[in-house]
Every structure is written in C-alpha cells, then in structure tokens.
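Containing TSV, C-alpha atoms: work-v2.tsv.
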chain	number	residue	atom	x	y	z
A	1	MET	CA	130.75	2.77	-33.91
A	2	LYS	CA	132.82	5.70	-32.68
A	3	ASN	CA	131.39	8.49	-30.57
A	4	PRO	CA	131.44	11.74	-32.52
A	5	VAL	CA	132.54	14.99	-30.94
A	6	ARG	CA	133.16	18.31	-32.60
A	7	ALA	CA	135.89	20.81	-31.76
A	8	ASN	CA	135.44	24.41	-32.85
A	9	CYS	CA	138.63	26.37	-33.29
A	10	MET	CA	138.40	30.09	-33.94
A	11	ILE	CA	141.60	31.76	-35.05
A	12	GLN	CA	142.49	35.15	-36.46
A	13	GLN	CA	142.87	35.28	-40.21
A	14	GLY	CA	146.48	34.95	-41.31
A	15	GLN	CA	147.62	33.84	-37.88
A	16	LEU	CA	148.38	30.22	-38.80
A	17	THR	CA	149.51	28.52	-41.97
A	18	ASP	CA	147.69	25.52	-43.38
A	19	VAL	CA	150.54	23.31	-42.23
A	20	GLN	CA	150.22	24.65	-38.69
A	21	VAL	CA	146.47	24.14	-38.74
A	22	ARG	CA	146.87	20.52	-39.81
A	23	HIS	CA	149.44	19.90	-37.10
A	24	LEU	CA	147.31	21.48	-34.39
A	25	GLU	CA	144.29	19.52	-35.54
A	26	SER	CA	146.22	16.29	-35.38
A	27	GLN	CA	147.49	17.13	-31.89
A	28	LEU	CA	144.02	18.05	-30.67
A	29	VAL	CA	142.49	14.81	-31.91
A	30	MET	CA	145.32	12.76	-30.45
A	31	THR	CA	145.17	14.52	-27.09
A	32	TYR	CA	141.39	14.11	-26.83
A	33	ARG	CA	141.58	10.41	-27.56
A	34	HIS	CA	144.46	10.00	-25.16
A	35	HIS	CA	142.41	11.46	-22.33
A	36	PHE	CA	138.93	10.20	-23.16
A	37	GLY	CA	139.49	7.06	-25.16
A	38	SER	CA	140.05	5.95	-28.71
A	39	GLU	CA	136.32	5.43	-29.23
A	40	TRP	CA	135.95	9.18	-29.77
A	41	GLN	CA	135.93	10.50	-33.30
A	42	VAL	CA	136.91	14.15	-33.10
A	43	ARG	CA	135.91	16.42	-35.94
A	44	VAL	CA	137.71	19.74	-35.89
A	45	VAL	CA	136.02	22.73	-37.48
A	46	TRP	CA	138.09	25.83	-38.09
A	47	LEU	CA	136.79	29.37	-38.32
A	48	SER	CA	139.20	32.03	-39.47
A	49	LEU	CA	138.02	35.45	-38.34
A	50	PRO	CA	138.78	38.39	-40.63
A	51	PRO	CA	140.19	41.59	-39.15
A	52	GLY	CA	137.67	43.76	-37.36
A	53	GLN	CA	135.42	40.92	-36.23
A	54	ALA	CA	136.97	39.93	-32.91
A	55	PHE	CA	137.84	41.96	-29.84
A	56	VAL	CA	139.30	41.30	-26.42
A	57	GLU	CA	139.60	43.95	-23.72
A	58	GLY	CA	137.73	46.18	-26.17
A	59	ARG	CA	140.65	46.04	-28.60
A	60	PRO	CA	141.32	44.00	-31.74
A	61	SER	CA	141.92	40.42	-30.70
A	62	ARG	CA	144.81	38.11	-31.42
A	63	SER	CA	143.26	35.29	-29.40
A	64	SER	CA	142.40	31.81	-30.52
A	65	THR	CA	139.43	30.07	-28.97
A	66	ILE	CA	138.90	26.32	-28.78
A	67	GLN	CA	135.59	24.82	-27.74
A	68	ILE	CA	135.30	21.10	-27.31
A	69	ALA	CA	132.79	19.16	-25.23
A	70	VAL	CA	133.58	16.29	-22.91
A	71	PRO	CA	131.26	13.63	-21.47
A	72	ASP	CA	128.84	14.86	-18.82
A	73	GLY	CA	130.16	14.41	-15.32
A	74	THR	CA	133.82	14.48	-16.28
A	75	ASP	CA	135.61	15.37	-13.06
A	76	ASP	CA	137.80	18.43	-12.75
A	77	ASP	CA	141.06	16.50	-12.50
A	78	LYS	CA	140.44	14.72	-15.78
A	79	ARG	CA	139.06	17.82	-17.51
A	80	HIS	CA	141.91	20.05	-16.34
A	81	ALA	CA	144.58	17.52	-17.28
A	82	PHE	CA	143.19	17.50	-20.82
A	83	MET	CA	142.97	21.29	-20.88
A	84	ARG	CA	146.54	21.69	-19.66
A	85	ASP	CA	147.82	19.31	-22.33
A	86	VAL	CA	145.96	21.17	-25.07
A	87	SER	CA	147.24	24.52	-23.78
A	88	ARG	CA	150.78	23.17	-23.60
A	89	PHE	CA	150.99	21.95	-27.18
A	90	TRP	CA	149.10	24.93	-28.58
A	91	LEU	CA	151.23	27.55	-26.85
A	92	GLY	CA	154.42	25.63	-27.53
A	93	TYR	CA	153.72	25.20	-31.22
A	94	THR	CA	152.16	28.54	-32.12
A	95	GLY	CA	154.30	30.71	-29.88
A	96	CYS	CA	151.26	32.76	-28.88
A	97	THR	CA	151.21	34.25	-25.41
A	98	ARG	CA	149.21	32.54	-22.71
A	99	ASP	CA	146.58	35.25	-22.80
A	100	GLU	CA	146.01	34.53	-26.48
A	101	LEU	CA	144.46	31.11	-26.00
A	102	VAL	CA	141.00	30.57	-24.56
A	103	LEU	CA	139.99	26.98	-24.07
A	104	SER	CA	136.39	26.10	-23.26
A	105	VAL	CA	135.70	22.48	-22.32
A	106	PRO	CA	132.09	22.15	-21.20
A	107	ASP	CA	130.01	19.09	-20.52
A	108	GLU	CA	128.29	17.81	-23.63
A	109	SER	CA	124.85	18.76	-22.26
A	110	TYR	CA	125.98	22.36	-21.83
A	111	ALA	CA	127.33	22.36	-25.38
A	112	LEU	CA	123.93	21.23	-26.57
A	113	ARG	CA	122.22	24.04	-24.63
A	114	PHE	CA	124.61	26.49	-26.23
A	115	LEU	CA	123.74	25.14	-29.63
A	116	GLN	CA	120.04	25.42	-28.85
A	117	ALA	CA	120.54	29.05	-27.79
A	118	ASN	CA	122.31	29.63	-31.08
A	119	MET	CA	119.43	28.12	-33.01
A	120	ASP	CA	116.76	29.92	-31.03
A	121	ARG	CA	117.95	33.31	-32.19
A	122	PHE	CA	117.40	32.46	-35.82
A	123	ASP	CA	114.24	32.88	-37.76
A	124	PRO	CA	112.20	29.80	-36.76
A	125	ARG	CA	111.19	29.25	-40.36
A	126	LEU	CA	114.73	28.05	-40.95
A	127	HIS	CA	115.02	25.50	-38.20
A	128	HIS	CA	113.57	22.48	-39.83
A	129	ASP	CA	114.33	22.76	-43.48
A	130	GLU	CA	117.60	24.67	-43.46
A	131	PHE	CA	119.45	24.76	-40.19
A	132	GLN	CA	119.33	21.11	-39.27
A	133	PHE	CA	120.79	20.27	-42.61
A	134	TYR	CA	124.01	21.84	-41.44
A	135	VAL	CA	124.08	20.73	-37.83
A	136	GLY	CA	126.40	17.82	-37.31
A	137	PRO	CA	125.52	14.66	-35.43
A	138	VAL	CA	127.01	15.84	-32.17
A	139	GLY	CA	125.40	19.23	-32.20
A	140	THR	CA	128.13	21.18	-30.50
A	141	PRO	CA	128.11	24.93	-31.15
A	142	CYS	CA	129.58	25.84	-34.46
A	143	LEU	CA	130.00	29.32	-35.83
A	144	PHE	CA	131.12	27.88	-39.12
A	145	THR	CA	127.81	26.13	-39.39
A	146	ARG	CA	126.06	29.45	-38.95
A	147	LEU	CA	128.13	31.08	-41.66
A	148	ARG	CA	127.43	28.28	-44.08
A	149	LEU	CA	123.79	28.66	-43.24
A	150	ALA	CA	124.01	32.35	-43.94
A	151	ARG	CA	125.58	31.78	-47.31
A	152	ARG	CA	122.97	29.23	-48.23
A	153	CYS	CA	120.16	31.50	-47.15
A	154	ARG	CA	121.57	34.46	-49.02
A	155	ARG	CA	120.70	32.60	-52.14
A	156	SER	CA	117.11	32.35	-51.02
A	157	SER	CA	115.19	35.47	-51.92
A	158	ALA	CA	112.56	34.67	-49.30
A	159	MET	CA	114.85	35.39	-46.37
A	160	ARG	CA	114.97	38.68	-44.55
A	161	TRP	CA	118.40	39.83	-43.49
A	162	ARG	CA	119.52	41.28	-40.23
A	163	ALA	CA	122.42	43.60	-39.78
A	164	LEU	CA	124.31	42.32	-36.81
A	165	SER	CA	124.56	39.55	-34.32
A	166	PRO	CA	127.39	39.90	-31.83
A	167	ALA	CA	128.51	37.04	-29.68
A	168	CYS	CA	130.15	37.89	-26.42
A	169	THR	CA	132.22	35.70	-24.16
A	170	ALA	CA	132.12	38.00	-21.21
A	171	THR	CA	133.25	36.05	-18.26
B	172	MET	CA	128.83	48.29	-39.97
B	173	PRO	CA	131.72	50.80	-39.93
B	174	GLN	CA	134.83	49.76	-38.07
B	175	GLU	CA	134.57	52.71	-35.68
B	176	GLN	CA	131.09	51.57	-34.69
B	177	ARG	CA	132.29	48.02	-34.10
B	178	ASP	CA	135.17	49.29	-32.00
B	179	ALA	CA	132.87	51.47	-29.93
B	180	LEU	CA	130.32	48.73	-29.32
B	181	ALA	CA	133.02	46.24	-28.35
B	182	ARG	CA	134.40	48.75	-25.85
B	183	ALA	CA	130.94	49.44	-24.51
B	184	ILE	CA	130.15	45.75	-24.01
B	185	THR	CA	133.49	45.29	-22.29
B	186	GLY	CA	132.95	48.30	-20.10
B	187	VAL	CA	129.42	47.33	-19.08
B	188	HIS	CA	130.55	43.87	-18.07
B	189	CYS	CA	133.64	44.96	-16.18
B	190	ASP	CA	132.03	47.88	-14.38
B	191	LEU	CA	129.14	45.77	-13.19
B	192	THR	CA	130.93	42.54	-12.31
B	193	GLY	CA	134.48	43.65	-11.56
B	194	ALA	CA	135.84	41.10	-14.04
B	195	PRO	CA	139.17	41.90	-15.70
B	196	ALA	CA	138.71	43.31	-19.19
B	197	ILE	CA	140.90	40.58	-20.61
B	198	PHE	CA	138.10	38.12	-19.87
B	199	VAL	CA	135.73	39.88	-22.28
B	200	GLN	CA	135.77	38.77	-25.89
B	201	VAL	CA	133.38	40.14	-28.48
B	202	LEU	CA	132.86	38.49	-31.86
B	203	TYR	CA	130.67	39.91	-34.60
B	204	GLY	CA	128.61	37.92	-37.04
B	205	HIS	CA	126.89	39.59	-39.95
B	206	GLU	CA	123.94	38.80	-42.14
B	207	LEU	CA	122.62	36.09	-39.90
B	208	PRO	CA	118.89	35.38	-40.28
B	209	LEU	CA	117.62	36.48	-36.87
B	210	ARG	CA	114.04	36.18	-35.68
B	211	PRO	CA	111.54	38.56	-37.24
B	212	GLY	CA	111.68	41.97	-35.58
B	213	VAL	CA	115.15	41.46	-34.13
B	214	GLU	CA	117.90	43.64	-35.58
B	215	ALA	CA	120.70	42.59	-33.25
B	216	HIS	CA	121.18	39.65	-30.94
B	217	LEU	CA	123.83	39.23	-28.27
B	218	LEU	CA	124.70	35.69	-27.24
B	219	ALA	CA	126.74	35.89	-24.07
B	220	ASN	CA	128.65	33.28	-22.11
B	221	THR	CA	129.43	34.37	-18.60
B	222	ARG	CA	130.93	32.62	-15.64
B	223	ALA	CA	128.31	31.04	-13.41
B	224	GLY	CA	127.87	32.14	-9.82
B	225	ARG	CA	126.54	35.68	-10.01
B	226	THR	CA	123.17	36.62	-8.58
B	227	ASP	CA	120.03	36.78	-10.70
B	228	GLU	CA	119.92	40.50	-9.96
B	229	VAL	CA	123.43	41.07	-11.36
B	230	ASN	CA	122.63	39.04	-14.45
B	231	ALA	CA	119.38	40.94	-14.99
B	232	THR	CA	121.21	44.25	-14.68
B	233	LEU	CA	123.86	42.98	-17.06
B	234	LYS	CA	121.25	42.15	-19.67
B	235	ARG	CA	119.52	45.50	-19.20
B	236	GLN	CA	122.74	47.46	-19.58
B	237	MET	CA	123.88	45.38	-22.55
B	238	THR	CA	120.56	46.11	-24.20
B	239	GLY	CA	121.21	49.80	-23.65
B	240	ALA	CA	124.67	49.52	-25.19
B	241	LEU	CA	123.36	47.70	-28.25
B	242	SER	CA	120.53	50.15	-28.71
B	243	THR	CA	122.74	53.21	-28.31
B	244	HIS	CA	125.60	52.09	-30.51
B	245	LEU	CA	123.52	50.53	-33.26
B	246	GLY	CA	120.79	53.14	-33.29
B	247	VAL	CA	117.97	50.64	-32.98
B	248	ALA	CA	115.15	50.45	-30.45
B	249	ALA	CA	115.72	48.27	-27.41
B	250	GLU	CA	112.73	46.20	-28.50
B	251	GLN	CA	114.59	45.31	-31.67
B	252	THR	CA	117.46	43.75	-29.75
B	253	SER	CA	117.61	40.51	-27.84
B	254	ILE	CA	120.09	38.95	-25.47
B	255	THR	CA	120.73	35.38	-24.41
B	256	LEU	CA	122.93	34.95	-21.38
B	257	LEU	CA	124.32	31.51	-20.65
B	258	GLU	CA	126.29	30.71	-17.53
B	259	ILE	CA	129.24	28.35	-17.69
B	260	PRO	CA	131.26	27.14	-14.70
B	261	ALA	CA	134.55	29.01	-14.49
B	262	ARG	CA	136.42	25.76	-14.00
B	263	TRP	CA	135.47	24.70	-17.53
B	264	ILE	CA	137.45	27.56	-19.06
B	265	MET	CA	141.20	27.91	-19.22
B	266	GLU	CA	143.31	30.77	-20.49
B	267	GLY	CA	146.91	29.98	-21.23
B	268	GLY	CA	147.06	27.04	-18.89
B	269	ASP	CA	145.22	28.55	-15.94
B	270	VAL	CA	141.63	27.84	-14.99
B	271	LEU	CA	139.54	30.99	-14.69
B	272	PRO	CA	138.71	32.08	-11.15
B	273	GLU	CA	135.18	32.08	-9.81
B	274	PRO	CA	133.39	35.42	-10.07
B	275	GLY	CA	134.63	37.65	-7.25
B	276	ALA	CA	137.80	35.62	-6.73
B	277	GLU	CA	139.83	37.36	-9.44
B	278	ALA	CA	142.05	39.15	-6.91
B	279	GLN	CA	143.46	35.82	-5.76
B	280	SER	CA	144.26	34.73	-9.32
B	281	ARG	CA	146.99	35.69	-11.74
B	282	TRP	CA	144.54	38.15	-13.27
B	283	GLY	CA	144.10	39.96	-9.98
B	284	GLY	CA	146.24	42.94	-10.85
B	285	GLN	CA	144.49	43.75	-14.09
B	286	GLU	CA	142.22	46.71	-14.18
B	287	VAL	CA	139.62	47.91	-16.61
B	288	ALA	CA	141.14	50.67	-18.68
B	289	ASP	CA	139.79	54.15	-18.07
B	290	GLU	CA	139.03	54.44	-21.73
B	291	GLU	CA	136.76	51.44	-21.55
B	292	LYS	CA	134.98	52.80	-18.53
B	293	ALA	CA	134.38	56.06	-20.31
B	294	HIS	CA	132.57	54.32	-23.12
B	295	VAL	CA	130.10	52.78	-20.75
B	296	SER	CA	128.97	55.92	-19.10
Show this structure as structure tokens.
Amino acid sequence: MKNPVRANCMIQQGQLTDVQVRHLESQLVMTYRHHFGSEWQVRVVWLSLPPGQAFVEGRPSRSSTIQIAVPDGTDDDKRHAFMRDVSRFWLGYTGCTRDELVLSVPDESYALRFLQANMDRFDPRLHHDEFQFYVGPVGTPCLFTRLRLARRCRRSSAMRWRALSPACTAT
Amino acid sequence: MPQEQRDALARAITGVHCDLTGAPAIFVQVLYGHELPLRPGVEAHLLANTRAGRTDEVNATLKRQMTGALSTHLGVAAEQTSITLLEIPARWIMEGGDVLPEPGAEAQSRWGGQEVADEEKAHVS
C-alpha cells in the first residue's frame, strides 16, 4: 500500500502547454520519490488561474506556486535538498525567473491544518455531505477541490452564494 | 468584482502587510476565489499564510488592518468579513532556489534591497 500525498500546482493560464505540464508533473513525482522513497504515491493537481485572479507585489502575477507536504519532522537538510531539486528542474524547464516560482513544502500536519482552515470558512452545512466528497485521502490543501465544490454547489438551489474569498500568501 | 477593484484590494493587502511587517512586497501574493460558499453572514474571507515568528501583537494588528482593507475596498461591514491567519516557518518556503528569511532578517537575504513601492504604500493609507 503506497502512501498518498498530493501536490497542488497553481500556474497562470496560458503559461504552460499540456506537454510541459505533463513533463513537470513527471519530474515532480520522480523527485519526490527520489528524496522520500518509492512508497509515496504523488498525485499532482493543477490549477490554472485566469487573468485578473492572482497578484504579487500588488501587480498581476506571473508566478507559479507549488505546495506539497512532506512527513512530519523532516529535517531542513532533507527538505531543502528536495526543494532545491524541484526549483532547479522547474526553472530550467520553464525558463521562468527565480522570482516566479514559490515552493511551499510544509510538514503534513501543517498541511492538514491549512486544509481545516480552508474547510472552516465554508458554510458548515456543506462539510459532511458535500465537501468531504471532494477531499482526497491525504487531505492536503487544494484550491481545485474548492472550485469543484463550488461548481457542484452552484447546481444546488439551496446554497447561498458569497461574492469573494481572497487567499493571501503574505509572508 | 471589477478588475479595478481587484487591483486596488490586492495593492491594499500588499501595502498593509509590508508597511506593518517590513516584508518585501515580492513576498505578498494575493489570489481571488469567487462564488465560494462561505459561512452564513460572511461576505468575504481572507485566508492568509504568513511567516512564523512575529509577535501576537503584530499579527493582531495585521488582522485588524486587513479587515479594514477588505471592508473599505469591498464596501461591506467589517462584521461581514473574516480572516484566518496561519503561520508557516520561513524555512519551509523557497522562492527560486532560496529559502525565505525569517521575519526581520530580510536585509541579510537576497531580498534585502527590495522596497515597497510608493504606490503600494499610498493605497494603504
């Protein structure tokens, strides 16, 4: 039985071709398993952000963001070696500048807290019968999951809709 | 939400964060999600990841000022907004091959020379 882990990759719409996405996904899976063991089954979820949705420095963003959890207690040397390898192949293959790649590699327990914070902001009536249906077995944060949820709920006339929900990575 | 309003709110969030914490503006990313089913009574929610290591007072001020920015730019009451602030160790984040510095240590990093643009500061005030 392989250990599941989810990687969330957010890119700007039109930035990468399907071929590039498949190559990057393959590299990410291979790199993760190289560093953490072949028992890990990495599922990569891609979110392509349309223009006008993402900003950095208060301006339209060209950045890609990768979030992928690692086992709790992973030491910095091991974590940073993995992060450097991911950065190296991503920058080398895409040709983006080094400020256009943000890589977040938290402990798995932090990733779960982030997911919980994501869930907590939703209407609690959804949690049991709707949201969990879309949350994968690992439970790492997943914007794509939220969008699928939104589409599903749009079809339900019982739901009330909210206008806006910004997410901010303000470090 | 009109593009101009999104632009203005993104600049305001960036400005609030940078003015209060001294972080380089390049560290601030803002992503919008629309039509998400938020809790009853909440019109806008801000989920924020920040580097760990700041005082509780700074984080409380950050939340208060972010609430003000949301309320002002969206035209909703502060009570109709909510904010979740999560702290993540800086050493778990890398930009272009470099680990982010701890809060307050930016000057010793490759991001040390970057300033918050005047334009961004103006949107906060």
Practice item. Do a neighbour search on His244 in chain B at 10 Å with only C-alpha atoms, toss out local chain neighbours closer than 3 positions, and write the hits as a list in words. Key: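 Here the answer would be Gln176, Arg177, Ala179, Leu180, Ala181, Ala183, Gly239, Ala240, Leu241 and Val247 of chain B.
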Exercise for review: Determine which residues of chain B sit within 6 Å of chain A, taking into account all atoms listed in the file, and present them as a PyMOL selection string.
Suggested key: chain B and resi 181-182+185+196-210+214-222+263-268
Practice item. Quick one: pull the distance between CA of Phe82 in chain A and CA of Arg62 in chain A, Å, one decimal. Key: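 Distance between the two atoms: 23.2 Å.
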Practice item. Might you pull out every residue within 10 Å of Arg281 in chain B, with all atoms listed in the file counted and same-chain residues fewer than 4 positions away left off, and present them as a count of residues only? Key: 5
Practice item. One decimal, Å: what's the distance from CA of Gly193 in chain B over to CA of Gly275 in chain B, could you say? Key: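 Interatomic distance here is 7.4 Å.
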Check your understanding: Can you tell me how far CA of Thr243 in chain B sits from CA of Gln174 in chain B, in Å to one decimal?
Key ->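 We find that CA of Thr243 in chain B and CA of Gln174 in chain B lie 15.9 Å from each other.
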